[in-house]
Amino acid sequence: MLAVMALGVLWCFLGQAQNILLEVEGENISDGETLLIASGEVDETTRVTFRITNTGDDTLVFSGHTPPITITNDADDVFEVQSTIDRDEELAINASATFEVVFTPSAEDTFTADLLIYSNAQTEPFQVNLTGEVGGPELLVTVDGVEVGDSDEYDFGDVDVGDSVDIQIRLRNVGLTDLIFENDPPVVAEQSAPEGFDVDQPVLGTDDALEPDEFASFTVTFTPPSEDSFSVELTIPTNDAASPFNLTLIGEGVPGTGLSISVTEPSGTDVWTAGNSHEVRWFSNGNTGERVNIGLYRRTSSNAIAEVETGNDGSELFAVPSSTAAGTNYIIRVSAADLGYTVSGDSLSFTIVAAGGEGEGEGEGEGEGEGEGEGEGEARLRVTLEPEGARDAGAAWSYDGGLTWLPSYTRVSGLAPGTYTVECLDIGGWITPPDEMVLVEETGETVEVVRIYTVEGGGEGEGEGEGEAEGEDRAALRVIIEPQGARTAGASWSYDHGVTWLPSFTQVSGLLAGQYRVDFLDVENWNAPASVTVTLTAGESEELTRTYTAVNGGEGEGEGEGEGEGEGEGEGDNPFDFLNCEGCQKSTGTQVDWRDLLGDLLVQLVALGAVAVSGRRTE
């Protein structure tokens with residue numbers, strides 16, 4: 001089947017009164033542009049239909065040459081114009097006419113020629129540079145993002161009996177014509193006995209084909225039912241000249257120990273920076289010992305890029321060597337160091353980018369007080385792109401001026417503290433959210449940003465709002481939740497009646513102006529603040545701070561009641577307000593007990609200069 005690729009898409013304004021819009025298969029072709037025409041094999045004819053539309057305000061006349069549409073510089077005589085448009089033929093305003101270019105390659109080679117269209121639109125002819133190539137479909141197969149070759153072998157490694165491990169296999173057409181799958185189902189799986197693999201099937205179009213640069217994915221799950229070796233032979237027959245493609249998957253079932261290690265951070269959406277330190281988090285099931293080894297690996301390699309031994313306490317800052325190459329499919333492996341046999345867990349695959357800033361992103365940070373901790377951590381940023389339809393259409397965001405485009409939910413860690421511009425990628429059929437300046441600080445907290453695309457023409461936008469007009473001013477809302485203990489327990493807020501729950505510090509932009517009810521999620525051991533209604537003004541950003549209180553009247557991570565103000569030792573204007581219980585409520589009314597008396601005594605002693613007292617402000 002035909003594959004045509006146009007390099008660039010621009011309107012062509014030829015002259016001042018007569019304008020030409022030239023299209024191929026719905027794609028606009030500009031004057032001077034190069035068009036690639038692919039043919040499946042030698043002597044196979046490929047036809048490309050061109051449509052000319054007069055978009056000017058006067059009649060377009062095909063004049064200046066006979067015939068007015070012609071091919072030149074065709075050294076191998078492999079291109080031909082088939083047209084019924086004669087010299088001096090006229091095209092009315094908004095009218096269209098079509099013609100064909102026929103490509104018949106004489107050898108396996110690359111051919112070039114010029115397509116010229118003569119008219120009264122300009123003094124020089126409208127020119128399209130034609131390039132013709134002979135090339136069929138080509139299947140590229142990757143396993144978890146890493147390319148594998150025909151007849152290669154992929155090893156799941158040792159897996160505990162009854163446990164499961166998944167891999168994702170992607171099939172991409174990197175050829176010039178349609179890749180057709182010749183079997184139903186597309187992937188033939190011949191397994192060893194007893195079976196240990198579950199093979200999904202890729203979802204293809206109705207023609208069981210992939211157009212050039214399209215892909216389809218499927219999952220293979222390995223679940224060893226016994227202590228044994230298992231394998232499956234995957235065969236994928238297509239119209240690729242090298243078909244069929246074969247891939248062998250193997251794995252070993254080993255006895256379970258009842259011990260396991262699970263790595264929760266980095267997640268599959270994390271982006272780490274080479275040369276910086278990033279937080280690794282894990283938890284153990286069973287007694288996996290007092291020490292663990294943390295290693296950085298490429299998923300397809302058994303050699304650690306960097307490794308460190310540390311205490312098995314569930315968290316560690318891991319230094320990524322500055323020499324680490326930028327790329328995807330990195331994993332962190334946490335392994336028990338004291339057991340004498342292997343118990344380990346791998347993170348999901350994540351991305352490492354080259355160092356881009358001067359700061360190391362770690363910072364010292366003295367914090368806001370004892371309840372807040374020491375303030376050490378990473379500068380992190382995560383952006384969520386809404387709605388789902390925009391994500392499916394290729395929505396992406398960047399924090400480095402468009403050098404790196406990232407999908408929704410990606411979290412970038414190890415950033416140098418400072419202000420970053422979040423910009424969103426332009427995608428067809430959607431209005432792009434405006435750029436947003438975001439302050440990223442070195443607190444260890446992830447700064448969450450939500451950006452909302454809207455459908456062009458005021459469509460419903462996959463449920464994001466009806467009749468939203470292009471170019472309409474939007475508003476933004478940011479909610480801060482206090483104290484730290486509540487945030488750690490999962491405190492969240494919502495602007496859409498609980499459909500979406502967002503963590504503290506998240507800013508939602510692109511909202512229509514008007515009133516919104518902000519709700520707060522109930523979390524264990526914390527009383528959520530009452531819902532509140534806020535009014536958003538077009539073109540402005542609103543910030544709201546609300547405080548959870550501890551159910552049992554505990555210290556609440558040292559935050560106090562005053563929405564997090566005046567934290568830290570000796571801070572605030574009233575250091576000598578004393579509490580009549582352990583950090584829960586300020587003393588009021590006439591109730592007096594020994595704590596109140598002791599408070600008065602201490603104040604008097606301070607007044608005499610006899611005692612130095614530091615307190616936590618509780619207003």
# chains A, B, ... in the order shown; residues from 1 in each chain; ligands from 1
$ select_by_dssp --residues "region 56-279 of chain A" --states "strand (DSSP E)" --output "ChimeraX atom specification"
/A:60-61,69-72,79-82,90-91,96-103,110-117,126-134,139-143,146-148,152-160,165-173,179-180,188-191,197-199,209-210,215-222,229-236,245-254,260-265,270-273,277-279
$ residues_around --residues "region 295-302 of chain A" --least-positions-apart "5" --cutoff "9 Å" --atoms "only C-alpha atoms" --output "mmCIF file with C-alpha atoms, in the first residue's frame"
data_model
loop_
_atom_site.group_PDB
_atom_site.id
_atom_site.type_symbol
_atom_site.label_atom_id
_atom_site.label_comp_id
_atom_site.auth_asym_id
_atom_site.auth_seq_id
_atom_site.Cartn_x
_atom_site.Cartn_y
_atom_site.Cartn_z
ATOM 1 C CA ASP A 144 10.475 -3.366 27.722
ATOM 2 C CA VAL A 146 15.012 -2.581 24.324
ATOM 3 C CA TYR A 154 15.013 -13.169 26.550
ATOM 4 C CA GLU A 307 26.169 -0.049 43.745
ATOM 5 C CA VAL A 308 26.128 0.819 47.429
ATOM 6 C CA GLU A 309 25.539 -1.162 50.644
ATOM 7 C CA PHE A 318 21.524 7.052 45.756
ATOM 8 C CA VAL A 320 24.008 8.434 40.031
ATOM 9 C CA THR A 328 15.496 4.672 29.235
ATOM 10 C CA ASN A 329 15.085 1.207 30.764
ATOM 11 C CA TYR A 330 17.186 1.847 33.856
ATOM 12 C CA ILE A 331 16.185 -0.002 37.021
ATOM 13 C CA ILE A 332 17.164 0.067 40.684
ATOM 14 C CA ARG A 333 17.698 -3.359 42.260
ATOM 15 C CA VAL A 334 17.608 -3.700 46.064
ATOM 16 C CA SER A 335 19.066 -7.005 47.318
ATOM 17 C CA SER A 349 11.972 1.011 34.339
#
$ closest_residue --among "A:Ser260, A:Thr446, A:Thr45, A:Asn276" --to "Leu317 (chain A)" --atoms "only C-alpha atoms"
A:Asn276
$ residues_around --residues "Ala528 (chain A)" --least-positions-apart "6" --cutoff "10 Å" --atoms "only C-alpha atoms" --output "list in words"
Ile481, Ala486, Ala491, Ser492, Trp493, Asp519, Phe520, Leu521, Asp522, Arg546, Thr547, Tyr548, Thr549, Ala550 and Val551 of chain A
$ write_last_selection --atoms "C-alpha atoms" --output "PDB file, in the first residue's frame"
ATOM      1  CA  ILE A 481      -2.301  21.087  52.921  1.00  0.00           C
ATOM      2  CA  ALA A 486      -1.270  14.720  57.186  1.00  0.00           C
ATOM      3  CA  ALA A 491      -4.206  14.006  52.685  1.00  0.00           C
ATOM      4  CA  SER A 492      -5.513  15.238  49.331  1.00  0.00           C
ATOM      5  CA  TRP A 493      -7.908  17.776  47.843  1.00  0.00           C
ATOM      6  CA  ASP A 519     -13.142  19.081  49.245  1.00  0.00           C
ATOM      7  CA  PHE A 520     -10.595  17.285  51.407  1.00  0.00           C
ATOM      8  CA  LEU A 521     -10.003  13.544  51.610  1.00  0.00           C
ATOM      9  CA  ASP A 522     -10.554  11.743  54.923  1.00  0.00           C
ATOM     10  CA  ARG A 546      -6.031  24.351  54.849  1.00  0.00           C
ATOM     11  CA  THR A 547      -4.946  22.376  57.928  1.00  0.00           C
ATOM     12  CA  TYR A 548      -5.800  18.842  59.051  1.00  0.00           C
ATOM     13  CA  THR A 549      -5.865  18.164  62.823  1.00  0.00           C
ATOM     14  CA  ALA A 550      -4.740  14.971  64.514  1.00  0.00           C
ATOM     15  CA  VAL A 551      -7.635  12.768  65.719  1.00  0.00           C
TER      16      VAL A 551
END
$ closest_residue --among "A:Thr72, A:Ser229, A:Gln127, A:Asn120" --to "Phe156 (chain A)" --atoms "only C-alpha atoms"
A:Ser229
$ closest_residue --among "A:Tyr399, A:Phe218, A:Tyr341, A:Trp526" --to "Thr288 (chain A)" --atoms "only C-alpha atoms"
A:Tyr341
$ residues_around --residues "region 432-440 of chain A" --least-positions-apart "4" --cutoff "10 Å" --atoms "only C-alpha atoms" --output "ChimeraX atom specification"
/A:378-381,385,390,395,397-399,415-428,445-449,451-456,470-471,474,507,509-510
$ closest_residue --among "A:Ala306, A:Val148, A:Ala354, A:Val61" --to "Ala325 (chain A)" --atoms "only C-alpha atoms"
A:Ala354
$ closest_residue --among "A:Pro529, A:Gly490, A:Pro266, A:Gly327" --to "Leu348 (chain A)" --atoms "only C-alpha atoms"
A:Pro266
$ closest_atom_pairs --of "region 243-328 of chain A" --to "region 190-213 of chain A" --cutoff "10 Å" --atoms "only C-alpha atoms" --output "CSV"
residue,atom,partner,partner_atom,distance
A:Thr248,CA,A:Glu190,CA,9.7
A:Leu249,CA,A:Phe197,CA,8.9
A:Ile250,CA,A:Phe197,CA,9.3
A:Gly251,CA,A:Gly196,CA,8.6
A:Glu252,CA,A:Gly196,CA,9.6
A:Gly253,CA,A:Gly196,CA,9.0
$ write_last_selection --atoms "N, CA, C and O atoms" --output "PDB file, in the first residue's frame"
ATOM      1  N   THR A 248      12.547 -16.267  21.587  1.00  0.00           N
ATOM      2  CA  THR A 248      12.419 -17.294  22.620  1.00  0.00           C
ATOM      3  C   THR A 248      12.440 -16.638  23.997  1.00  0.00           C
ATOM      4  O   THR A 248      13.349 -15.853  24.304  1.00  0.00           O
ATOM      5  N   LEU A 249      11.463 -16.952  24.831  1.00  0.00           N
ATOM      6  CA  LEU A 249      11.405 -16.477  26.209  1.00  0.00           C
ATOM      7  C   LEU A 249      11.659 -17.655  27.135  1.00  0.00           C
ATOM      8  O   LEU A 249      11.066 -18.728  26.958  1.00  0.00           O
ATOM      9  N   ILE A 250      12.560 -17.484  28.104  1.00  0.00           N
ATOM     10  CA  ILE A 250      12.872 -18.552  29.051  1.00  0.00           C
ATOM     11  C   ILE A 250      12.759 -18.024  30.472  1.00  0.00           C
ATOM     12  O   ILE A 250      12.830 -16.809  30.714  1.00  0.00           O
ATOM     13  N   GLY A 251      12.580 -18.919  31.421  1.00  0.00           N
ATOM     14  CA  GLY A 251      12.529 -18.555  32.830  1.00  0.00           C
ATOM     15  C   GLY A 251      12.674 -19.780  33.695  1.00  0.00           C
ATOM     16  O   GLY A 251      12.447 -20.912  33.258  1.00  0.00           O
ATOM     17  N   GLU A 252      13.051 -19.563  34.943  1.00  0.00           N
ATOM     18  CA  GLU A 252      13.303 -20.659  35.883  1.00  0.00           C
ATOM     19  C   GLU A 252      12.420 -20.480  37.110  1.00  0.00           C
ATOM     20  O   GLU A 252      12.395 -19.406  37.733  1.00  0.00           O
ATOM     21  N   GLY A 253      11.662 -21.536  37.447  1.00  0.00           N
ATOM     22  CA  GLY A 253      10.889 -21.529  38.667  1.00  0.00           C
ATOM     23  C   GLY A 253      11.720 -22.003  39.839  1.00  0.00           C
ATOM     24  O   GLY A 253      12.357 -23.059  39.776  1.00  0.00           O
TER      25      GLY A 253
END
$ residues_around --residues "Asn129 (chain A)" --least-positions-apart "2" --cutoff "8 Å" --atoms "only C-alpha atoms" --output "list in words"
Gly32, Glu33, Thr34, Leu35, Thr112, Ala113, Asp114, Leu115, Gln127 and Thr131 of chain A
$ atom_distance --atom1 "CA of His65 (chain A)" --atom2 "CA of Tyr118 (chain A)"
6.3 Å
$ atom_distance --atom1 "CA of Val353 (chain A)" --atom2 "CA of Gly414 (chain A)"
10.3 Å
$ closest_residue --among "A:Ile37, A:Leu171, A:Ala189, A:Leu21" --to "Asn54 (chain A)" --atoms "only C-alpha atoms"
A:Leu21
